[in-house]
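Reproduced below: my_file18.txt, with compact mmCIF, C-alpha atoms and all ligand atoms.
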```
# COMPACT_ATOMS: atom_id res chain seq x y z
CA MET P 22 -47.82 -94.12 -151.81
CA ILE P 23 -51.32 -95.10 -152.80
CA ARG P 24 -53.11 -95.45 -156.09
CA LYS P 25 -56.50 -93.81 -156.64
CA THR P 26 -58.91 -93.61 -159.50
CA LEU P 27 -61.05 -90.50 -159.29
CA VAL P 28 -63.60 -88.95 -161.62
CA ILE P 29 -62.79 -85.27 -161.50
CA ASN P 30 -65.10 -82.91 -163.38
CA GLY P 31 -66.26 -85.86 -165.46
CA VAL P 32 -62.74 -87.02 -166.39
CA THR P 33 -61.33 -90.26 -164.99
CA ARG P 34 -57.89 -89.78 -163.44
CA ASN P 35 -55.52 -92.49 -162.28
CA LEU P 36 -53.29 -91.02 -159.59
CA VAL P 37 -50.38 -92.22 -157.53
CA LEU P 38 -50.24 -90.18 -154.34
CA ASP P 39 -48.91 -89.82 -150.86
CA LYS P 40 -51.77 -90.93 -148.60
CA ASP P 41 -51.21 -87.98 -146.26
CA GLU P 42 -51.64 -85.39 -149.00
CA THR P 43 -54.86 -83.44 -148.81
CA LEU P 44 -57.42 -83.42 -151.59
CA ALA P 45 -56.88 -79.67 -152.00
CA THR P 46 -53.15 -80.14 -152.58
CA VAL P 47 -53.76 -82.87 -155.11
CA LEU P 48 -56.32 -80.79 -156.97
CA ARG P 49 -54.20 -77.67 -156.98
CA GLU P 50 -50.67 -78.97 -157.33
CA HIS P 51 -51.03 -82.27 -159.17
CA LEU P 52 -53.98 -81.45 -161.39
CA LEU P 53 -53.57 -77.66 -161.53
CA LEU P 54 -57.23 -77.10 -160.67
CA THR P 55 -56.41 -73.91 -158.83
CA GLY P 56 -60.02 -72.74 -158.63
CA CYS P 57 -60.06 -74.66 -155.37
CA LYS P 58 -58.55 -72.14 -152.93
CA ILE P 59 -56.81 -72.76 -149.66
CA GLY P 60 -57.65 -70.04 -147.17
CA CYS P 61 -57.39 -71.18 -143.59
CA GLY P 62 -56.26 -74.73 -144.38
CA GLU P 63 -58.08 -75.87 -141.22
CA GLY P 64 -61.68 -76.37 -142.32
CA HIS P 65 -63.01 -73.01 -141.14
CA CYS P 66 -63.53 -70.84 -144.23
CA GLY P 67 -65.03 -72.97 -147.02
CA ALA P 68 -62.72 -71.54 -149.70
CA CYS P 69 -61.56 -75.06 -150.57
CA ASN P 70 -65.04 -76.59 -150.90
CA VAL P 71 -65.52 -79.15 -153.64
CA ILE P 72 -68.36 -81.56 -154.30
CA MET P 73 -67.48 -85.17 -153.58
CA ASN P 74 -70.17 -87.76 -154.33
CA GLY P 75 -72.85 -85.07 -154.08
CA LYS P 76 -71.68 -83.60 -150.78
CA VAL P 77 -69.83 -80.40 -149.99
CA THR P 78 -66.35 -81.40 -148.86
CA LYS P 79 -63.60 -79.29 -147.33
CA SER P 80 -60.71 -80.45 -149.43
CA CYS P 81 -58.04 -78.75 -147.31
CA ILE P 82 -58.56 -81.18 -144.44
CA TYR P 83 -59.59 -84.24 -146.43
CA LYS P 84 -56.66 -86.66 -146.61
CA MET P 85 -56.33 -88.70 -149.78
CA SER P 86 -56.38 -91.90 -147.75
CA ARG P 87 -60.04 -91.10 -146.88
CA VAL P 88 -61.11 -90.33 -150.43
CA PRO P 89 -63.05 -93.33 -151.74
CA ASP P 90 -61.91 -94.96 -154.95
CA ASN P 91 -63.90 -93.83 -158.01
CA ALA P 92 -65.19 -90.81 -156.08
CA GLU P 93 -66.89 -88.23 -158.27
CA ILE P 94 -65.41 -84.84 -157.55
CA THR P 95 -66.58 -81.51 -158.94
CA THR P 96 -64.48 -78.39 -158.57
CA ILE P 97 -65.42 -74.90 -159.69
CA GLU P 98 -63.77 -75.68 -163.05
CA GLY P 99 -66.50 -78.27 -163.59
CA VAL P 100 -69.39 -75.88 -162.87
CA GLY P 101 -70.41 -74.36 -166.19
CA THR P 102 -68.17 -73.34 -169.06
CA LEU P 103 -67.24 -69.97 -170.47
CA SER P 104 -69.80 -70.32 -173.23
CA ASP P 105 -72.49 -71.83 -170.99
CA MET P 106 -72.11 -70.58 -167.46
CA HIS P 107 -74.03 -71.98 -164.55
CA PRO P 108 -76.80 -69.59 -163.41
CA LEU P 109 -74.98 -69.24 -160.09
CA GLN P 110 -71.90 -67.97 -161.89
CA VAL P 111 -73.91 -65.45 -163.91
CA ALA P 112 -75.80 -64.33 -160.81
CA TRP P 113 -72.54 -63.99 -158.90
CA MET P 114 -71.22 -61.58 -161.48
CA ALA P 115 -74.51 -59.73 -161.95
CA HIS P 116 -74.80 -59.09 -158.22
CA GLY P 117 -71.16 -58.10 -157.82
CA CYS P 118 -70.54 -60.92 -155.36
CA ALA P 119 -66.78 -61.04 -155.79
CA GLN P 120 -64.41 -58.37 -154.62
CA CYS P 121 -61.16 -60.20 -153.96
CA GLY P 122 -62.97 -63.33 -155.23
CA PHE P 123 -61.05 -65.70 -153.00
CA CYS P 124 -64.19 -67.13 -151.41
CA THR P 125 -66.18 -67.32 -154.65
CA PRO P 126 -65.45 -70.90 -155.77
CA GLY P 127 -66.27 -72.26 -152.33
CA PHE P 128 -69.52 -70.31 -152.13
CA ILE P 129 -70.66 -71.34 -155.60
CA ILE P 130 -69.87 -74.98 -154.88
CA SER P 131 -71.86 -74.82 -151.63
CA ALA P 132 -74.75 -73.01 -153.30
CA LYS P 133 -74.84 -75.55 -156.14
CA VAL P 134 -75.31 -78.42 -153.71
CA LEU P 135 -77.97 -76.47 -151.84
CA LEU P 136 -79.96 -75.80 -155.00
CA GLU P 137 -79.66 -79.42 -156.11
CA ASN P 138 -81.26 -80.51 -152.84
CA ASN P 139 -83.60 -77.57 -152.30
CA PRO P 140 -84.64 -75.79 -155.51
CA SER P 141 -86.69 -73.13 -153.67
CA PRO P 142 -84.77 -72.10 -150.58
CA THR P 143 -85.73 -69.10 -148.49
CA ARG P 144 -83.15 -66.42 -147.79
CA GLU P 145 -82.91 -67.76 -144.26
CA GLU P 146 -82.23 -71.27 -145.55
CA VAL P 147 -79.49 -69.95 -147.83
CA ARG P 148 -77.87 -68.13 -144.90
CA ASP P 149 -78.14 -71.21 -142.71
CA TRP P 150 -76.61 -73.36 -145.42
CA PHE P 151 -73.61 -71.08 -145.88
CA ASN P 152 -73.26 -70.98 -142.14
CA LYS P 153 -73.37 -74.76 -141.94
CA GLN P 154 -70.78 -75.08 -144.71
CA ARG P 155 -68.68 -72.45 -142.91
CA ASN P 156 -68.37 -70.29 -145.99
CA LEU P 157 -66.71 -67.04 -145.04
CA CYS P 158 -66.37 -63.87 -147.09
CA ARG P 159 -64.28 -60.97 -145.84
CA CYS P 160 -65.39 -58.54 -148.52
CA THR P 161 -69.01 -58.50 -149.59
CA GLY P 162 -71.16 -58.51 -146.46
CA TYR P 163 -73.12 -61.60 -147.63
CA LYS P 164 -76.28 -59.83 -148.82
CA PRO P 165 -75.35 -59.88 -152.52
CA LEU P 166 -74.40 -63.53 -152.17
CA ILE P 167 -77.86 -64.40 -150.88
CA ASP P 168 -79.45 -62.26 -153.63
CA ALA P 169 -77.42 -64.15 -156.22
CA VAL P 170 -78.46 -67.56 -154.92
CA MET P 171 -82.13 -66.52 -154.90
CA ASP P 172 -81.87 -65.30 -158.52
CA ALA P 173 -79.96 -68.38 -159.65
CA ALA P 174 -82.62 -70.55 -158.02
CA ALA P 175 -85.29 -68.69 -160.00
CA VAL P 176 -83.35 -69.34 -163.22
CA LEU P 177 -82.98 -73.03 -162.41
CA ARG P 178 -86.73 -73.24 -161.71
CA GLY P 179 -87.36 -71.70 -165.14
CA GLU P 180 -88.92 -68.50 -163.76
CA MET P 181 -86.35 -66.28 -165.45
CA THR P 182 -83.46 -66.64 -167.85
CA LYS P 183 -79.78 -66.04 -167.36
CA GLU P 184 -80.12 -63.07 -169.69
CA ASP P 185 -82.69 -61.56 -167.29
CA LEU P 186 -79.97 -61.43 -164.68
CA VAL P 187 -77.78 -59.09 -166.62
CA PHE P 188 -78.30 -55.45 -167.47
CA LYS P 189 -79.81 -54.55 -170.81
CA PRO P 190 -80.07 -50.93 -171.92
CA THR P 191 -83.28 -50.62 -173.98
CA GLY P 192 -84.15 -47.15 -175.22
CA ASP P 193 -84.65 -44.77 -172.32
CA SER P 194 -85.57 -47.36 -169.75
CA ILE P 195 -83.46 -49.70 -167.72
CA LYS P 196 -84.55 -53.31 -167.83
CA GLY P 197 -83.13 -56.24 -165.95
CA THR P 198 -80.82 -55.62 -163.04
CA LYS P 199 -79.73 -52.37 -161.51
CA TYR P 200 -76.11 -52.52 -162.65
CA ILE P 201 -74.76 -49.94 -164.98
CA ARG P 202 -71.55 -51.48 -166.17
CA PRO P 203 -71.27 -54.48 -168.46
CA SER P 204 -70.41 -57.37 -166.23
CA ALA P 205 -68.03 -60.14 -167.17
CA ALA P 206 -71.14 -62.29 -167.66
CA GLN P 207 -72.52 -59.83 -170.18
CA LYS P 208 -69.25 -59.75 -172.03
CA VAL P 209 -69.08 -63.52 -172.09
CA THR P 210 -72.72 -64.13 -172.95
CA GLY P 211 -72.70 -61.28 -175.46
CA THR P 212 -75.76 -59.63 -173.89
CA TRP P 213 -74.06 -56.24 -173.60
CA ASP P 214 -74.95 -54.85 -177.00
CA PHE P 215 -73.89 -51.32 -176.19
CA ASP P 216 -70.91 -49.92 -178.12
CA PRO P 217 -68.23 -49.02 -175.55
CA GLY P 218 -66.81 -46.43 -177.94
CA GLU P 219 -69.78 -44.19 -177.26
CA GLY P 220 -69.24 -43.99 -173.53
CA LEU P 221 -72.05 -44.78 -171.14
CA PRO P 222 -75.60 -45.24 -172.40
CA ARG P 223 -77.56 -42.01 -172.44
CA GLN P 224 -79.62 -42.70 -169.37
CA HIS P 225 -76.42 -43.26 -167.44
CA GLN P 226 -74.81 -40.11 -168.75
CA GLU P 227 -77.79 -38.24 -167.36
CA HIS P 228 -77.59 -39.90 -164.00
CA ARG P 229 -73.85 -40.06 -163.65
CA HIS P 230 -73.34 -36.67 -162.04
CA GLN P 231 -76.59 -36.54 -160.14
CA ARG P 232 -75.40 -37.44 -156.72
CA SER P 233 -78.67 -36.38 -155.11
CA ARG P 234 -82.09 -35.14 -156.05
CA LYS P 235 -80.98 -31.70 -154.93
CA ASP P 236 -78.11 -31.77 -157.42
CA ALA P 237 -80.47 -32.84 -160.15
CA ARG P 238 -82.92 -30.03 -159.42
CA ARG P 239 -80.13 -27.48 -159.32
CA ARG P 240 -78.88 -28.68 -162.67
CA GLU P 241 -82.33 -28.36 -164.16
CA GLY P 242 -82.54 -24.78 -162.89
CA HIS P 243 -85.17 -25.45 -160.24
CA HIS P 244 -85.15 -23.39 -157.12
CA LEU P 245 -84.86 -25.25 -153.90
CA GLN P 246 -88.42 -24.52 -152.88
CA GLY P 247 -89.13 -25.40 -149.34
CA HIS P 248 -85.46 -25.81 -148.47
CA PRO P 249 -85.12 -24.22 -145.03
CA GLY P 250 -81.63 -22.91 -145.73
CA CYS P 251 -82.67 -21.12 -148.89
CA ARG P 252 -85.00 -18.30 -147.82
CA ARG P 253 -84.35 -16.40 -151.01
CA HIS P 254 -86.20 -19.08 -152.92
CA GLN P 255 -89.21 -19.46 -150.68
CA PRO P 256 -92.00 -18.45 -153.08
CA ASP P 257 -93.99 -16.44 -150.54
CA GLN P 258 -90.95 -14.55 -149.30
CA ARG P 259 -89.71 -13.27 -152.63
CA PRO P 260 -89.86 -9.49 -152.87
CA ARG P 261 -92.67 -8.65 -155.26
CA HIS P 262 -93.46 -5.61 -157.25
CA ALA P 263 -96.39 -3.75 -155.67
CA ALA P 264 -98.51 -4.00 -158.83
CA GLN P 265 -97.90 -7.71 -159.07
CA ALA P 266 -98.79 -8.15 -155.42
CA GLN P 267 -102.04 -6.25 -155.98
CA GLN P 268 -102.92 -8.44 -158.93
CA ASP P 269 -102.18 -11.52 -156.82
CA ARG P 270 -104.62 -10.26 -154.21
CA ARG P 271 -107.34 -9.81 -156.85
CA LEU P 272 -106.87 -13.38 -157.95
S1 LIG Q 1 -59.16 -73.59 -146.73
FE1 LIG Q 1 -60.41 -75.28 -146.37
S2 LIG Q 1 -61.90 -74.55 -145.02
FE2 LIG Q 1 -60.51 -72.88 -145.17
S1 LIG Q 2 -64.97 -61.65 -152.13
FE1 LIG Q 2 -63.20 -61.44 -150.88
S2 LIG Q 2 -63.49 -62.95 -149.38
FE2 LIG Q 2 -65.32 -63.01 -150.46
```
Translate the structure of the given file into C-alpha cells.
Ligand code: FES
Ligand code: FES
Amino acid sequence: MIRKTLVINGVTRNLVLDKDETLATVLREHLLLTGCKIGCGEGHCGACNVIMNGKVTKSCIYKMSRVPDNAEITTIEGVGTLSDMHPLQVAWMAHGCAQCGFCTPGFIISAKVLLENNPSPTREEVRDWFNKQRNLCRCTGYKPLIDAVMDAAAVLRGEMTKEDLVFKPTGDSIKGTKYIRPSAAQKVTGTWDFDPGEGLPRQHQEHRHQRSRKDARRREGHHLQGHPGCRRHQPDQRPRHAAQAQQDRRL
C-alpha cells in the first residue's frame, strides 16, 4: 500500500492505495468520479482521459505508483459546473456531439488541453490532436466534434458567447444555431424561452412536414411546373380554350 496526496478537481485528497491500482480505478471506485470512463482499458480509446499536471493522461493505464505526489488532476467533473458550463460542454450539446456519450468526457478533456495550449486551432489541428490523444468515437463521425471545438474556441477567444451557441427562436427568423430542439444546455442555461406547452415554435411547425421543396410546393397548391413526370402541369401543354389561345396570340 502507498500513501498519496493528490489535488483532484481543486480538492486535496489524502489516499491510501494499492500501488498497482490504475488512476482510472481510483477515480471511479474510490472517489466515485465516474465521469472518467473505461472503454478499452488499454490506452487506445481516450475515454479515460484526465488532465494531470496540464497534460492529457490515459488514466486506465496509469498506475498509481507513477502518479507524482501532489499531482493536480482534473476530471470531467472539474470542467465547468451545471450553472456555469465550460464552452466546450455547451458546444458539445449544441452540436449534438454525444449519442451514447461514452467518449464525451475523454474528448472534452483532450479538447480543453488543446485550447489551453492553442487558442486558435485549425480544423486540421483539432483532428490531429484527437488523433494524437487516440480519442475514438463510435457514434458521431467526428465532424460535429470538430465543429464544437471550433465554436468553443471562438467563445474562449471572446468572439461569441455561450448563448450564441444555442438556438433562440426570435419572431419568424431562426437565430443562432441550426438546431430545433431545446438542448440540455439551453435548459440548463435557461436560454430556451419557448413554452413547451405550445408545441414547436411556429417556424418549426411550418417546416416540420416539409420533407422536400416539392412537398412544400404541393402543400401550397403550386403545380410542379417543369417537372418532367408531370406533363399535365407543363404550362405550354395545357389544353386551352380556342378563344383564350387566340387572345394569347394577339398578346
Ligand atoms: S479506456 Fe483508457 S484509453 Fe481506452
Ligand atoms: S458518442 Fe458514442 S462513442 Fe462517441
Closest of P:Asp149, P:Asp105, P:Glu63, P:Glu184 to ligand LIG 1 (chain Q) - atom-to-atom distances counting only C-alpha atoms and all ligand atoms: P:Glu63
Residue with smallest distance to ligand LIG 1 (chain Q) - pool P:Thr78, P:Asn35, P:Ser86, P:Ser141, counting all atoms listed in the file: P:Thr78
For ligand LIG 2 (chain Q), collect every residue having any atom at a distance of at most 10 Å from a ligand atom (counting all atoms listed in the file); output as a PDB file with C-alpha atoms, in the coordinates of the input.
```pdb
ATOM      1  CA  GLY P  60     -57.650 -70.040-147.170  1.00  0.00           C
ATOM      2  CA  CYS P  66     -63.530 -70.840-144.230  1.00  0.00           C
ATOM      3  CA  ALA P  68     -62.720 -71.540-149.700  1.00  0.00           C
ATOM      4  CA  GLY P 117     -71.160 -58.100-157.820  1.00  0.00           C
ATOM      5  CA  CYS P 118     -70.540 -60.920-155.360  1.00  0.00           C
ATOM      6  CA  ALA P 119     -66.780 -61.040-155.790  1.00  0.00           C
ATOM      7  CA  GLN P 120     -64.410 -58.370-154.620  1.00  0.00           C
ATOM      8  CA  CYS P 121     -61.160 -60.200-153.960  1.00  0.00           C
ATOM      9  CA  GLY P 122     -62.970 -63.330-155.230  1.00  0.00           C
ATOM     10  CA  PHE P 123     -61.050 -65.700-153.000  1.00  0.00           C
ATOM     11  CA  CYS P 124     -64.190 -67.130-151.410  1.00  0.00           C
ATOM     12  CA  THR P 125     -66.180 -67.320-154.650  1.00  0.00           C
ATOM     13  CA  PRO P 126     -65.450 -70.900-155.770  1.00  0.00           C
ATOM     14  CA  GLY P 127     -66.270 -72.260-152.330  1.00  0.00           C
ATOM     15  CA  PHE P 128     -69.520 -70.310-152.130  1.00  0.00           C
ATOM     16  CA  ASN P 156     -68.370 -70.290-145.990  1.00  0.00           C
ATOM     17  CA  LEU P 157     -66.710 -67.040-145.040  1.00  0.00           C
ATOM     18  CA  CYS P 158     -66.370 -63.870-147.090  1.00  0.00           C
ATOM     19  CA  ARG P 159     -64.280 -60.970-145.840  1.00  0.00           C
ATOM     20  CA  CYS P 160     -65.390 -58.540-148.520  1.00  0.00           C
ATOM     21  CA  THR P 161     -69.010 -58.500-149.590  1.00  0.00           C
ATOM     22  CA  GLY P 162     -71.160 -58.510-146.460  1.00  0.00           C
ATOM     23  CA  TYR P 163     -73.120 -61.600-147.630  1.00  0.00           C
ATOM     24  CA  LEU P 166     -74.400 -63.530-152.170  1.00  0.00           C
TER      25      LEU P 166
END
```
Test item: residues no farther than 8 Å from ligand LIG 1 (chain Q), counting all atoms listed in the file, as a list in words: Ala45, Lys58, Ile59, Gly60, Cys61, Gly62, Glu63, Gly64, His65, Cys66, Gly67, Ala68, Cys69, Asn70, Lys79, Ser80, Cys81, Ile82, Arg155 and Asn156 of chain P
Distance of CA of Ile29 (chain P) from CA of Val176 (chain P), expressed in Å to one decimal place: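 Between CA of Val176 (chain P) and CA of Ile29 (chain P) the gap works out to 26.1 Å.
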Nearest-residue call for Leu54 (chain P), choices P:Asn30, P:Asn139, P:Thr102, P:Asn74, using all atoms listed in the file: P:Asn30
All residues 9 Å or closer to Val37 (chain P), all atoms listed in the file, same chain fewer than 5 positions away omitted, as a PyMOL selection string: chain P and resi 22-26
All residues 6 Å or closer to Thr43 (chain P), only C-alpha atoms, same chain fewer than 3 positions away omitted, as a list in words: Thr46, Cys81, Tyr83, Lys84 and Met85 of chain P
Interatomic distance (Å, one decimal) between CA of Val170 (chain P) and CA of Thr55 (chain P):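 One can read the CA of Val170 (chain P) to CA of Thr55 (chain P) distance as 23.3 Å.
Taking CA of Thr95 (chain P) and CA of Pro108 (chain P) as the two end points, the separation is 16.3 Å.
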Residues near Glu180 (chain P), cut-off 12 Å, all atoms listed in the file, skip fewer than 5 positions along chain, as a ChimeraX atom specification: /P:140-141,171-175,185-186
Create the file for the chosen residues now, containing C-alpha atoms and written as an mmCIF file, in the coordinates of the input.
```cif
data_model
loop_
_atom_site.group_PDB
_atom_site.id
_atom_site.type_symbol
_atom_site.label_atom_id
_atom_site.label_comp_id
_atom_site.auth_asym_id
_atom_site.auth_seq_id
_atom_site.Cartn_x
_atom_site.Cartn_y
_atom_site.Cartn_z
ATOM 1 C CA PRO P 140 -84.640 -75.790 -155.510
ATOM 2 C CA SER P 141 -86.690 -73.130 -153.670
ATOM 3 C CA MET P 171 -82.130 -66.520 -154.900
ATOM 4 C CA ASP P 172 -81.870 -65.300 -158.520
ATOM 5 C CA ALA P 173 -79.960 -68.380 -159.650
ATOM 6 C CA ALA P 174 -82.620 -70.550 -158.020
ATOM 7 C CA ALA P 175 -85.290 -68.690 -160.000
ATOM 8 C CA ASP P 185 -82.690 -61.560 -167.290
ATOM 9 C CA LEU P 186 -79.970 -61.430 -164.680
#
```
Residues near Val32 (chain P), cut-off 10 Å, all atoms listed in the file, skip fewer than 5 positions along chain, as number ranges by chain: P: 27, 93-94, 99
Among listed residues P:Arg148, P:Arg87, P:His107, P:His116, nearest Leu44 (chain P) (using only C-alpha atoms): P:Arg87
Using all atoms listed in the file: which of P:Lys183, P:Lys76, P:Arg34, P:Arg144 has the shortest distance to Met106 (chain P):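 Of the candidates, the smallest distance to Met106 (chain P) is held by P:Lys183.
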Closest of P:Trp150, P:His51, P:Ala92, P:Ala112 to Met181 (chain P) - atom-to-atom distances counting all atoms listed in the file: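 Using all atoms listed in the file, the shortest distance to Met181 (chain P) belongs to P:Ala112.
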